[in-house]
file protein.pdb (PDB, N, CA and C atoms)
ATOM      1  N   MET A   1       9.669  99.861  75.204
ATOM      2  CA  MET A   1       9.401  98.818  76.181
ATOM      3  C   MET A   1      10.385  97.670  76.039
ATOM      4  N   SER A   2      10.787  97.409  74.822
ATOM      5  CA  SER A   2      11.723  96.324  74.558
ATOM      6  C   SER A   2      13.083  96.617  75.190
ATOM      7  N   LEU A   3      13.462  97.870  75.218
ATOM      8  CA  LEU A   3      14.747  98.246  75.813
ATOM      9  C   LEU A   3      14.757  97.973  77.319
ATOM     10  N   VAL A   4      13.652  98.270  77.993
ATOM     11  CA  VAL A   4      13.548  98.026  79.430
ATOM     12  C   VAL A   4      13.575  96.523  79.705
ATOM     13  N   LEU A   5      12.875  95.753  78.892
ATOM     14  CA  LEU A   5      12.864  94.306  79.055
ATOM     15  C   LEU A   5      14.250  93.707  78.816
ATOM     16  N   ASP A   6      14.940  94.200  77.794
ATOM     17  CA  ASP A   6      16.301  93.732  77.523
ATOM     18  C   ASP A   6      17.245  94.069  78.676
ATOM     19  N   PHE A   7      17.089  95.271  79.219
ATOM     20  CA  PHE A   7      17.930  95.673  80.350
ATOM     21  C   PHE A   7      17.670  94.772  81.565
ATOM     22  N   CYS A   8      16.388  94.497  81.862
ATOM     23  CA  CYS A   8      16.044  93.647  83.010
ATOM     24  C   CYS A   8      16.585  92.238  82.822
ATOM     25  N   MET A   9      16.462  91.697  81.629
ATOM     26  CA  MET A   9      16.967  90.342  81.381
ATOM     27  C   MET A   9      18.486  90.292  81.520
ATOM     28  N   ALA A  10      19.178  91.303  81.010
ATOM     29  CA  ALA A  10      20.634  91.344  81.124
ATOM     30  C   ALA A  10      21.057  91.497  82.585
ATOM     31  N   PHE A  11      20.333  92.323  83.317
ATOM     32  CA  PHE A  11      20.651  92.530  84.722
ATOM     33  C   PHE A  11      20.500  91.233  85.523
ATOM     34  N   PHE A  12      19.360  90.546  85.349
ATOM     35  CA  PHE A  12      19.129  89.316  86.100
ATOM     36  C   PHE A  12      20.057  88.195  85.650
ATOM     37  N   ALA A  13      20.417  88.162  84.393
ATOM     38  CA  ALA A  13      21.384  87.164  83.920
ATOM     39  C   ALA A  13      22.742  87.416  84.558
ATOM     40  N   ALA A  14      23.152  88.682  84.651
ATOM     41  CA  ALA A  14      24.430  89.009  85.286
ATOM     42  C   ALA A  14      24.407  88.665  86.771
ATOM     43  N   MET A  15      23.292  88.935  87.445
ATOM     44  CA  MET A  15      23.180  88.611  88.868
ATOM     45  C   MET A  15      23.245  87.093  89.082
ATOM     46  N   GLY A  16      22.584  86.338  88.232
ATOM     47  CA  GLY A  16      22.633  84.885  88.333
ATOM     48  C   GLY A  16      24.035  84.347  88.110
ATOM     49  N   PHE A  17      24.721  84.914  87.132
ATOM     50  CA  PHE A  17      26.099  84.496  86.857
ATOM     51  C   PHE A  17      27.010  84.820  88.037
ATOM     52  N   LEU A  18      26.855  85.996  88.618
ATOM     53  CA  LEU A  18      27.659  86.360  89.789
ATOM     54  C   LEU A  18      27.354  85.461  90.986
ATOM     55  N   ALA A  19      26.090  85.092  91.167
ATOM     56  CA  ALA A  19      25.739  84.191  92.269
ATOM     57  C   ALA A  19      26.382  82.816  92.077
ATOM     58  N   LEU A  20      26.386  82.308  90.844
ATOM     59  CA  LEU A  20      27.040  81.029  90.573
ATOM     60  C   LEU A  20      28.541  81.106  90.822
ATOM     61  N   LEU A  21      29.162  82.197  90.406
ATOM     62  CA  LEU A  21      30.598  82.369  90.665
ATOM     63  C   LEU A  21      30.882  82.424  92.159
ATOM     64  N   TRP A  22      30.042  83.141  92.900
ATOM     65  CA  TRP A  22      30.210  83.267  94.355
ATOM     66  C   TRP A  22      30.139  81.887  95.021
ATOM     67  N   LEU A  23      29.147  81.082  94.653
ATOM     68  CA  LEU A  23      29.004  79.745  95.234
ATOM     69  C   LEU A  23      30.167  78.838  94.849
ATOM     70  N   ALA A  24      30.555  78.861  93.592
ATOM     71  CA  ALA A  24      31.658  78.004  93.141
ATOM     72  C   ALA A  24      32.962  78.399  93.817
ATOM     73  N   PHE A  25      33.235  79.685  93.919
ATOM     74  CA  PHE A  25      34.466  80.139  94.551
ATOM     75  C   PHE A  25      34.470  79.810  96.036
ATOM     76  N   GLY A  26      33.307  79.935  96.694
ATOM     77  CA  GLY A  26      33.209  79.592  98.115
ATOM     78  C   GLY A  26      33.476  78.121  98.352
ATOM     79  N   ARG A  27      32.944  77.260  97.499
ATOM     80  CA  ARG A  27      33.193  75.819  97.640
ATOM     81  C   ARG A  27      34.636  75.476  97.321
ATOM     82  N   LEU A  28      35.243  76.211  96.426
ATOM     83  CA  LEU A  28      36.636  75.974  96.095
ATOM     84  C   LEU A  28      37.548  76.260  97.287
ATOM     85  N   LEU A  29      37.217  77.293  98.054
ATOM     86  CA  LEU A  29      38.041  77.682  99.198
ATOM     87  C   LEU A  29      37.736  76.886 100.459
ATOM     88  N   THR A  30      36.627  76.161 100.473
ATOM     89  CA  THR A  30      36.248  75.383 101.647
ATOM     90  C   THR A  30      37.148  74.159 101.770
ATOM     91  N   PRO A  31      37.737  73.947 102.942
ATOM     92  CA  PRO A  31      38.563  72.751 103.111
ATOM     93  C   PRO A  31      37.711  71.492 103.048
ATOM     94  N   PRO A  32      38.295  70.395 102.583
ATOM     95  CA  PRO A  32      37.521  69.151 102.529
ATOM     96  C   PRO A  32      37.138  68.680 103.925
ATOM     97  N   PRO A  33      35.980  68.050 104.063
ATOM     98  CA  PRO A  33      35.540  67.616 105.396
ATOM     99  C   PRO A  33      36.451  66.526 105.955
ATOM    100  N   GLY A  34      36.621  66.587 107.260
ATOM    101  CA  GLY A  34      37.387  65.552 107.937
ATOM    102  C   GLY A  34      38.890  65.708 107.840
ATOM    103  N   THR A  35      39.395  66.882 107.441
ATOM    104  CA  THR A  35      40.835  67.044 107.315
ATOM    105  C   THR A  35      41.508  67.265 108.666
ATOM    106  N   ALA A  36      40.810  67.815 109.625
ATOM    107  CA  ALA A  36      41.429  68.071 110.923
ATOM    108  C   ALA A  36      40.361  68.063 112.007
ATOM    109  N   SER A  37      40.793  67.760 113.228
ATOM    110  CA  SER A  37      39.888  67.832 114.366
ATOM    111  C   SER A  37      39.878  69.262 114.890
ATOM    112  N   ALA A  38      38.707  69.774 115.141
ATOM    113  CA  ALA A  38      38.578  71.117 115.687
ATOM    114  C   ALA A  38      37.655  71.064 116.892
ATOM    115  N   PHE A  39      37.966  71.871 117.879
ATOM    116  CA  PHE A  39      37.175  71.947 119.091
ATOM    117  C   PHE A  39      36.787  73.393 119.340
ATOM    118  N   VAL A  40      35.572  73.573 119.823
ATOM    119  CA  VAL A  40      35.143  74.868 120.324
ATOM    120  C   VAL A  40      34.986  74.690 121.824
ATOM    121  N   LEU A  41      35.791  75.423 122.580
ATOM    122  CA  LEU A  41      35.742  75.336 124.039
ATOM    123  C   LEU A  41      34.893  76.478 124.577
ATOM    124  N   LEU A  42      33.852  76.128 125.309
ATOM    125  CA  LEU A  42      32.990  77.128 125.929
ATOM    126  C   LEU A  42      33.148  77.048 127.438
ATOM    127  N   PRO A  43      33.474  78.163 128.078
ATOM    128  CA  PRO A  43      33.559  78.134 129.538
ATOM    129  C   PRO A  43      32.166  78.049 130.150
ATOM    130  N   ALA A  44      31.991  77.134 131.076
ATOM    131  CA  ALA A  44      30.712  76.947 131.764
ATOM    132  C   ALA A  44      30.900  77.356 133.214
ATOM    133  N   ARG A  45      30.254  78.438 133.605
ATOM    134  CA  ARG A  45      30.383  78.972 134.961
ATOM    135  C   ARG A  45      29.013  79.182 135.592
ATOM    136  N   ASP A  46      29.002  79.191 136.883
ATOM    137  CA  ASP A  46      27.816  79.519 137.681
ATOM    138  C   ASP A  46      26.593  78.698 137.232
ATOM    139  N   ASP A  47      25.519  79.384 136.853
ATOM    140  CA  ASP A  47      24.290  78.688 136.463
ATOM    141  C   ASP A  47      24.272  78.333 134.979
ATOM    142  N   GLY A  48      25.233  78.802 134.217
ATOM    143  CA  GLY A  48      25.316  78.481 132.792
ATOM    144  C   GLY A  48      24.159  79.014 131.976
ATOM    145  N   GLU A  49      23.659  80.195 132.369
ATOM    146  CA  GLU A  49      22.469  80.709 131.690
ATOM    147  C   GLU A  49      22.730  81.129 130.241
ATOM    148  N   ASP A  50      23.964  81.439 129.882
ATOM    149  CA  ASP A  50      24.257  81.863 128.512
ATOM    150  C   ASP A  50      24.688  80.709 127.603
ATOM    151  N   LEU A  51      24.782  79.514 128.134
ATOM    152  CA  LEU A  51      25.266  78.375 127.351
ATOM    153  C   LEU A  51      24.302  77.964 126.247
ATOM    154  N   GLU A  52      23.023  77.970 126.528
ATOM    155  CA  GLU A  52      22.055  77.491 125.552
ATOM    156  C   GLU A  52      22.087  78.328 124.273
ATOM    157  N   LEU A  53      22.179  79.632 124.415
ATOM    158  CA  LEU A  53      22.235  80.512 123.249
ATOM    159  C   LEU A  53      23.532  80.305 122.463
ATOM    160  N   ALA A  54      24.656  80.210 123.176
ATOM    161  CA  ALA A  54      25.940  80.002 122.500
ATOM    162  C   ALA A  54      25.967  78.666 121.764
ATOM    163  N   ILE A  55      25.438  77.635 122.377
ATOM    164  CA  ILE A  55      25.417  76.314 121.753
ATOM    165  C   ILE A  55      24.495  76.308 120.537
ATOM    166  N   SER A  56      23.350  76.971 120.634
ATOM    167  CA  SER A  56      22.447  77.017 119.476
ATOM    168  C   SER A  56      23.086  77.761 118.317
ATOM    169  N   HIS A  57      23.857  78.800 118.593
ATOM    170  CA  HIS A  57      24.572  79.501 117.516
ATOM    171  C   HIS A  57      25.615  78.604 116.864
ATOM    172  N   LEU A  58      26.342  77.865 117.664
ATOM    173  CA  LEU A  58      27.364  76.965 117.109
ATOM    174  C   LEU A  58      26.735  75.836 116.296
ATOM    175  N   ILE A  59      25.623  75.322 116.754
ATOM    176  CA  ILE A  59      24.945  74.260 116.003
ATOM    177  C   ILE A  59      24.397  74.812 114.689
ATOM    178  N   TRP A  60      23.964  76.059 114.704
ATOM    179  CA  TRP A  60      23.524  76.696 113.460
ATOM    180  C   TRP A  60      24.687  76.782 112.470
ATOM    181  N   LEU A  61      25.882  77.108 112.967
ATOM    182  CA  LEU A  61      27.060  77.151 112.088
ATOM    183  C   LEU A  61      27.358  75.779 111.494
ATOM    184  N   GLN A  62      27.197  74.739 112.286
ATOM    185  CA  GLN A  62      27.435  73.390 111.778
ATOM    186  C   GLN A  62      26.384  72.978 110.762
ATOM    187  N   GLY A  63      25.225  73.577 110.826
ATOM    188  CA  GLY A  63      24.152  73.224 109.903
ATOM    189  C   GLY A  63      24.492  73.526 108.455
ATOM    190  N   GLY A  64      25.416  74.463 108.214
ATOM    191  CA  GLY A  64      25.826  74.771 106.853
ATOM    192  C   GLY A  64      26.692  73.706 106.231
ATOM    193  N   ARG A  65      27.137  72.757 107.022
ATOM    194  CA  ARG A  65      27.954  71.627 106.586
ATOM    195  C   ARG A  65      29.268  72.064 105.928
ATOM    196  N   ILE A  66      29.691  73.260 106.211
ATOM    197  CA  ILE A  66      30.973  73.712 105.686
ATOM    198  C   ILE A  66      32.084  73.326 106.652
ATOM    199  N   THR A  67      31.812  73.399 107.932
ATOM    200  CA  THR A  67      32.828  73.060 108.916
ATOM    201  C   THR A  67      32.250  72.111 109.953
ATOM    202  N   ARG A  68      33.102  71.275 110.492
ATOM    203  CA  ARG A  68      32.708  70.348 111.539
ATOM    204  C   ARG A  68      33.616  70.588 112.743
ATOM    205  N   PHE A  69      33.045  70.585 113.903
ATOM    206  CA  PHE A  69      33.821  70.741 115.125
ATOM    207  C   PHE A  69      33.046  70.126 116.276
ATOM    208  N   SER A  70      33.780  69.804 117.321
ATOM    209  CA  SER A  70      33.167  69.292 118.544
ATOM    210  C   SER A  70      33.008  70.443 119.522
ATOM    211  N   ILE A  71      31.877  70.492 120.179
ATOM    212  CA  ILE A  71      31.625  71.525 121.182
ATOM    213  C   ILE A  71      31.927  70.924 122.543
ATOM    214  N   VAL A  72      32.859  71.539 123.252
ATOM    215  CA  VAL A  72      33.284  71.054 124.570
ATOM    216  C   VAL A  72      33.026  72.155 125.590
ATOM    217  N   LEU A  73      32.253  71.837 126.592
ATOM    218  CA  LEU A  73      32.028  72.751 127.707
ATOM    219  C   LEU A  73      33.076  72.467 128.772
ATOM    220  N   VAL A  74      33.723  73.510 129.234
ATOM    221  CA  VAL A  74      34.743  73.366 130.270
ATOM    222  C   VAL A  74      34.141  73.862 131.580
ATOM    223  N   ASP A  75      34.013  72.948 132.532
ATOM    224  CA  ASP A  75      33.402  73.254 133.831
ATOM    225  C   ASP A  75      34.370  74.096 134.660
ATOM    226  N   LEU A  76      34.077  75.390 134.746
ATOM    227  CA  LEU A  76      34.900  76.312 135.533
ATOM    228  C   LEU A  76      34.151  76.792 136.768
ATOM    229  N   GLY A  77      33.412  75.901 137.376
ATOM    230  CA  GLY A  77      32.696  76.252 138.599
ATOM    231  C   GLY A  77      31.196  76.326 138.400
ATOM    232  N   LEU A  78      30.620  75.271 137.855
ATOM    233  CA  LEU A  78      29.166  75.221 137.698
ATOM    234  C   LEU A  78      28.494  74.932 139.032
ATOM    235  N   THR A  79      27.361  75.545 139.250
ATOM    236  CA  THR A  79      26.550  75.229 140.415
ATOM    237  C   THR A  79      25.725  73.980 140.105
ATOM    238  N   GLU A  80      24.953  73.522 141.075
ATOM    239  CA  GLU A  80      24.091  72.353 140.844
ATOM    240  C   GLU A  80      23.077  72.639 139.743
ATOM    241  N   GLN A  81      22.528  73.848 139.752
ATOM    242  CA  GLN A  81      21.580  74.229 138.705
ATOM    243  C   GLN A  81      22.286  74.268 137.344
ATOM    244  N   GLY A  82      23.519  74.756 137.325
ATOM    245  CA  GLY A  82      24.285  74.798 136.088
ATOM    246  C   GLY A  82      24.591  73.407 135.559
ATOM    247  N   ARG A  83      24.930  72.487 136.459
ATOM    248  CA  ARG A  83      25.196  71.101 136.039
ATOM    249  C   ARG A  83      23.930  70.451 135.474
ATOM    250  N   ALA A  84      22.799  70.733 136.099
ATOM    251  CA  ALA A  84      21.536  70.196 135.592
ATOM    252  C   ALA A  84      21.235  70.756 134.204
ATOM    253  N   ARG A  85      21.521  72.043 134.008
ATOM    254  CA  ARG A  85      21.302  72.656 132.695
ATOM    255  C   ARG A  85      22.216  72.028 131.644
ATOM    256  N   VAL A  86      23.478  71.790 132.019
ATOM    257  CA  VAL A  86      24.430  71.179 131.080
ATOM    258  C   VAL A  86      23.998  69.752 130.747
ATOM    259  N   LEU A  87      23.550  68.987 131.731
ATOM    260  CA  LEU A  87      23.073  67.626 131.466
ATOM    261  C   LEU A  87      21.878  67.628 130.518
ATOM    262  N   ALA A  88      20.969  68.586 130.698
ATOM    263  CA  ALA A  88      19.812  68.680 129.801
ATOM    264  C   ALA A  88      20.258  69.023 128.381
ATOM    265  N   LEU A  89      21.241  69.920 128.263
ATOM    266  CA  LEU A  89      21.769  70.273 126.939
ATOM    267  C   LEU A  89      22.474  69.093 126.285
ATOM    268  N   MET A  90      23.194  68.311 127.090
ATOM    269  CA  MET A  90      23.904  67.157 126.548
ATOM    270  C   MET A  90      22.929  66.073 126.082
ATOM    271  N   GLU A  91      21.794  65.949 126.736
ATOM    272  CA  GLU A  91      20.776  64.991 126.285
ATOM    273  C   GLU A  91      20.163  65.437 124.964
ATOM    274  N   ARG A  92      19.961  66.742 124.838
ATOM    275  CA  ARG A  92      19.332  67.279 123.632
ATOM    276  C   ARG A  92      20.283  67.300 122.443
ATOM    277  N   GLU A  93      21.558  67.595 122.680
ATOM    278  CA  GLU A  93      22.566  67.680 121.622
ATOM    279  C   GLU A  93      23.592  66.572 121.835
ATOM    280  N   PRO A  94      23.559  65.505 121.045
ATOM    281  CA  PRO A  94      24.416  64.344 121.305
ATOM    282  C   PRO A  94      25.911  64.596 121.132
ATOM    283  N   GLY A  95      26.337  65.581 120.366
ATOM    284  CA  GLY A  95      27.761  65.812 120.159
ATOM    285  C   GLY A  95      28.403  66.731 121.182
ATOM    286  N   LEU A  96      27.690  67.076 122.213
ATOM    287  CA  LEU A  96      28.166  68.011 123.226
ATOM    288  C   LEU A  96      28.891  67.261 124.335
ATOM    289  N   HIS A  97      30.034  67.803 124.788
ATOM    290  CA  HIS A  97      30.824  67.181 125.853
ATOM    291  C   HIS A  97      31.075  68.207 126.948
ATOM    292  N   CYS A  98      31.208  67.736 128.174
ATOM    293  CA  CYS A  98      31.539  68.604 129.297
ATOM    294  C   CYS A  98      32.721  67.985 130.034
ATOM    295  N   LEU A  99      33.760  68.781 130.236
ATOM    296  CA  LEU A  99      34.987  68.300 130.884
ATOM    297  C   LEU A  99      35.445  69.274 131.958
ATOM    298  N   LEU A 100      36.230  68.758 132.864
ATOM    299  CA  LEU A 100      36.943  69.622 133.805
ATOM    300  C   LEU A 100      38.201  70.130 133.117
ATOM    301  N   PRO A 101      38.740  71.262 133.531
ATOM    302  CA  PRO A 101      39.938  71.796 132.868
ATOM    303  C   PRO A 101      41.119  70.827 132.877
ATOM    304  N   GLU A 102      41.209  69.975 133.890
ATOM    305  CA  GLU A 102      42.322  69.037 133.991
ATOM    306  C   GLU A 102      42.275  67.978 132.884
ATOM    307  N   ALA A 103      41.105  67.733 132.305
ATOM    308  CA  ALA A 103      40.954  66.697 131.281
ATOM    309  C   ALA A 103      41.269  67.197 129.875
ATOM    310  N   LEU A 104      41.468  68.499 129.696
ATOM    311  CA  LEU A 104      41.729  69.039 128.359
ATOM    312  C   LEU A 104      43.014  68.512 127.720
ATOM    313  N   PRO A 105      44.140  68.421 128.444
ATOM    314  CA  PRO A 105      45.348  67.879 127.790
ATOM    315  C   PRO A 105      45.151  66.460 127.273
ATOM    316  N   GLU A 106      44.409  65.653 127.991
ATOM    317  CA  GLU A 106      44.153  64.269 127.545
ATOM    318  C   GLU A 106      43.287  64.265 126.282
ATOM    319  N   LEU A 107      42.326  65.169 126.215
ATOM    320  CA  LEU A 107      41.488  65.284 125.021
ATOM    321  C   LEU A 107      42.336  65.666 123.807
ATOM    322  N   MET A 108      43.269  66.564 123.993
ATOM    323  CA  MET A 108      44.123  66.996 122.891
ATOM    324  C   MET A 108      45.060  65.886 122.444
ATOM    325  N   LYS A 109      45.527  65.067 123.366
ATOM    326  CA  LYS A 109      46.395  63.945 123.004
ATOM    327  C   LYS A 109      45.624  62.898 122.211
ATOM    328  N   LYS A 110      44.388  62.654 122.623
ATOM    329  CA  LYS A 110      43.575  61.608 122.020
ATOM    330  C   LYS A 110      43.176  61.974 120.583
ATOM    331  N   ASP A 111      42.715  63.208 120.361
ATOM    332  CA  ASP A 111      42.241  63.602 119.032
ATOM    333  C   ASP A 111      43.254  64.400 118.243
ATOM    334  N   GLY A 112      44.316  64.838 118.845
ATOM    335  CA  GLY A 112      45.285  65.681 118.148
ATOM    336  C   GLY A 112      46.205  64.878 117.380
TER     337      GLY A 112
END

call {"tool": "encode", "arguments": {"input": "protein.pdb", "output": "C-alpha coordinates"}}
result
Amino acid sequence: MSLVLDFCMAFFAAMGFLALLWLAFGRLLTPPPGTASAFVLLPARDDGEDLELAISHLIWLQGGRITRFSIVLVDLGLTEQGRARVLALMEREPGLHCLLPEALPELMKKDG
(Lines of atoms letter the chains of each structure in order from A and count residues from 1; the text may use other names and numbers.)
(Lines give C-alpha, C1' and ligand atoms only; values in the text may rest on other atoms or scores of the structure.)
Protein backbone atom coordinates (compact mmCIF):
# COMPACT_ATOMS: atom_id res chain seq x y z
CA MET A 1 0.00 0.00 0.00
CA SER A 2 2.89 2.31 0.74
CA LEU A 3 4.20 1.88 -2.80
CA VAL A 4 0.88 3.01 -4.30
CA LEU A 5 0.76 6.01 -1.97
CA ASP A 6 4.34 6.95 -2.85
CA PHE A 7 3.56 6.67 -6.55
CA CYS A 8 0.44 8.88 -6.20
CA MET A 9 2.33 11.52 -4.23
CA ALA A 10 5.17 11.57 -6.78
CA PHE A 11 2.71 11.77 -9.65
CA PHE A 12 0.76 14.70 -8.16
CA ALA A 13 3.97 16.49 -7.18
CA ALA A 14 5.22 16.18 -10.77
CA MET A 15 1.89 17.44 -12.13
CA GLY A 16 1.98 20.43 -9.78
CA PHE A 17 5.54 21.23 -10.79
CA LEU A 18 4.64 21.03 -14.49
CA ALA A 19 1.62 23.30 -13.93
CA LEU A 20 3.84 25.90 -12.22
CA LEU A 21 6.34 25.73 -15.08
CA TRP A 22 3.53 26.11 -17.63
CA LEU A 23 2.17 29.23 -15.87
CA ALA A 24 5.60 30.80 -15.38
CA PHE A 25 6.63 30.17 -18.98
CA GLY A 26 3.32 31.56 -20.26
CA ARG A 27 3.76 34.76 -18.26
CA LEU A 28 7.33 35.05 -19.45
CA LEU A 29 6.20 35.00 -23.09
CA THR A 30 3.30 37.41 -22.54
CA PRO A 31 4.11 40.93 -23.73
CA PRO A 32 3.86 43.65 -21.10
CA PRO A 33 0.51 45.47 -21.05
CA GLY A 34 0.22 48.72 -22.90
CA THR A 35 3.13 48.14 -25.30
CA ALA A 36 1.08 48.65 -28.46
CA SER A 37 -2.37 49.64 -29.63
CA ALA A 38 -4.34 46.80 -31.15
CA PHE A 39 -7.71 46.86 -32.86
CA VAL A 40 -10.14 44.11 -33.71
CA LEU A 41 -12.23 45.16 -36.69
CA LEU A 42 -15.59 43.45 -37.02
CA PRO A 43 -17.65 43.98 -40.16
CA ALA A 44 -21.21 45.02 -39.31
CA ARG A 45 -23.69 44.24 -42.08
CA ASP A 46 -27.43 43.98 -42.50
CA ASP A 47 -29.17 43.31 -39.17
CA GLY A 48 -25.92 42.49 -37.33
CA GLU A 49 -27.35 39.32 -35.86
CA ASP A 50 -23.92 37.67 -35.43
CA LEU A 51 -22.27 40.67 -33.73
CA GLU A 52 -23.39 39.92 -30.19
CA LEU A 53 -21.80 36.47 -30.17
CA ALA A 54 -18.55 37.70 -31.74
CA ILE A 55 -18.30 40.59 -29.28
CA SER A 56 -18.97 38.33 -26.29
CA HIS A 57 -16.17 36.02 -27.45
CA LEU A 58 -13.75 38.92 -27.77
CA ILE A 59 -14.69 40.27 -24.35
CA TRP A 60 -14.09 36.81 -22.92
CA LEU A 61 -10.58 36.91 -24.42
CA GLN A 62 -9.96 40.27 -22.76
CA GLY A 63 -11.10 38.84 -19.45
CA GLY A 64 -7.86 36.85 -19.20
CA ARG A 65 -6.01 40.17 -18.93
CA ILE A 66 -3.25 38.84 -21.15
CA THR A 67 -4.05 41.07 -24.09
CA ARG A 68 -5.82 44.38 -24.50
CA PHE A 69 -7.45 45.60 -27.68
CA SER A 70 -10.19 47.91 -28.84
CA ILE A 71 -13.19 46.41 -30.60
CA VAL A 72 -14.24 48.48 -33.60
CA LEU A 73 -17.35 47.72 -35.62
CA VAL A 74 -17.11 48.83 -39.23
CA ASP A 75 -20.50 49.80 -40.65
CA LEU A 76 -20.66 48.09 -44.05
CA GLY A 77 -24.35 48.60 -44.65
CA LEU A 78 -26.30 48.21 -41.42
CA THR A 79 -30.07 48.42 -41.57
CA GLU A 80 -32.07 50.45 -39.04
CA GLN A 81 -32.53 47.32 -36.95
CA GLY A 82 -28.79 46.65 -37.18
CA ARG A 83 -27.96 50.19 -36.05
CA ALA A 84 -30.31 49.81 -33.10
CA ARG A 85 -28.61 46.54 -32.18
CA VAL A 86 -25.17 48.17 -32.41
CA LEU A 87 -26.30 51.09 -30.23
CA ALA A 88 -27.61 48.65 -27.61
CA LEU A 89 -24.29 46.78 -27.68
CA MET A 90 -22.35 50.02 -27.35
CA GLU A 91 -24.39 50.99 -24.28
CA ARG A 92 -23.74 47.61 -22.70
CA GLU A 93 -20.01 47.45 -23.57
CA PRO A 94 -18.32 50.84 -23.01
CA GLY A 95 -15.14 50.07 -24.99
CA LEU A 96 -16.99 49.29 -28.21
CA HIS A 97 -16.79 51.70 -31.18
CA CYS A 98 -18.64 51.84 -34.49
CA LEU A 99 -17.17 53.64 -37.50
CA LEU A 100 -17.76 54.03 -41.19
CA PRO A 101 -15.00 52.60 -43.41
CA GLU A 102 -13.91 56.13 -44.37
CA ALA A 103 -13.00 56.89 -40.72
CA LEU A 104 -10.53 53.99 -40.36
CA PRO A 105 -7.45 55.84 -41.70
CA GLU A 106 -8.04 58.64 -39.19
CA LEU A 107 -8.32 56.10 -36.37
CA MET A 108 -5.00 54.57 -37.38
CA LYS A 109 -3.30 57.97 -37.49
CA LYS A 110 -4.63 58.92 -34.07
CA ASP A 111 -3.65 55.72 -32.20
CA GLY A 112 -0.89 54.41 -34.44

call {"tool": "resolve_selection", "arguments": {"input": "protein.pdb", "expression": "the PyMOL selection byres ((chain A and resi 97) around 6)", "output": "list in words"}}
result
Ile71, Val72, Leu73, Gly95, Leu96, Cys98 and Leu99 of chain A

call {"tool": "resolve_selection", "arguments": {"input": "protein.pdb", "expression": "the PyMOL selection byres (((chain A and resi 76 and name CA) around 9) and name CA)", "output": "PyMOL selection string"}}
result
chain A and resi 43-46+74-75+77-78+100-101

call {"tool": "closest_residue", "arguments": {"input": "protein.pdb", "among": "A:Glu91, A:Val40, A:Asp50, A:Arg85", "to": "A:Arg68", "atoms": "only C-alpha atoms"}}
result
A:Val40

call {"tool": "resolve_selection", "arguments": {"input": "protein.pdb", "expression": "the PyMOL selection byres ((chain A and resi 82) around 7)", "output": "ChimeraX atom specification"}}
result
/A:45-49,78-81,83-87

call {"tool": "select_by_dssp", "arguments": {"input": "protein.pdb", "residues": "stretch 44-109 of chain A", "states": "strand (DSSP E)", "output": "number ranges by chain"}}
result
A: 44-46, 70-78, 96-99

call {"tool": "select_by_dssp", "arguments": {"input": "protein.pdb", "residues": "chain A", "states": "alpha helix (DSSP H)", "output": "VMD selection string"}}
result
chain A and resid 2 to 29 51 to 63 80 to 92 104 to 111

call {"tool": "closest_residue", "arguments": {"input": "protein.pdb", "among": "A:Met1, A:Ala19, A:Leu29, A:Leu89", "to": "A:Ile55", "atoms": "only C-alpha atoms"}}
result
A:Leu89

call {"tool": "atom_distance", "arguments": {"input": "protein.pdb", "atom1": "atom CA of A:His57", "atom2": "atom C of A:Leu23"}}
result
23.4 Å
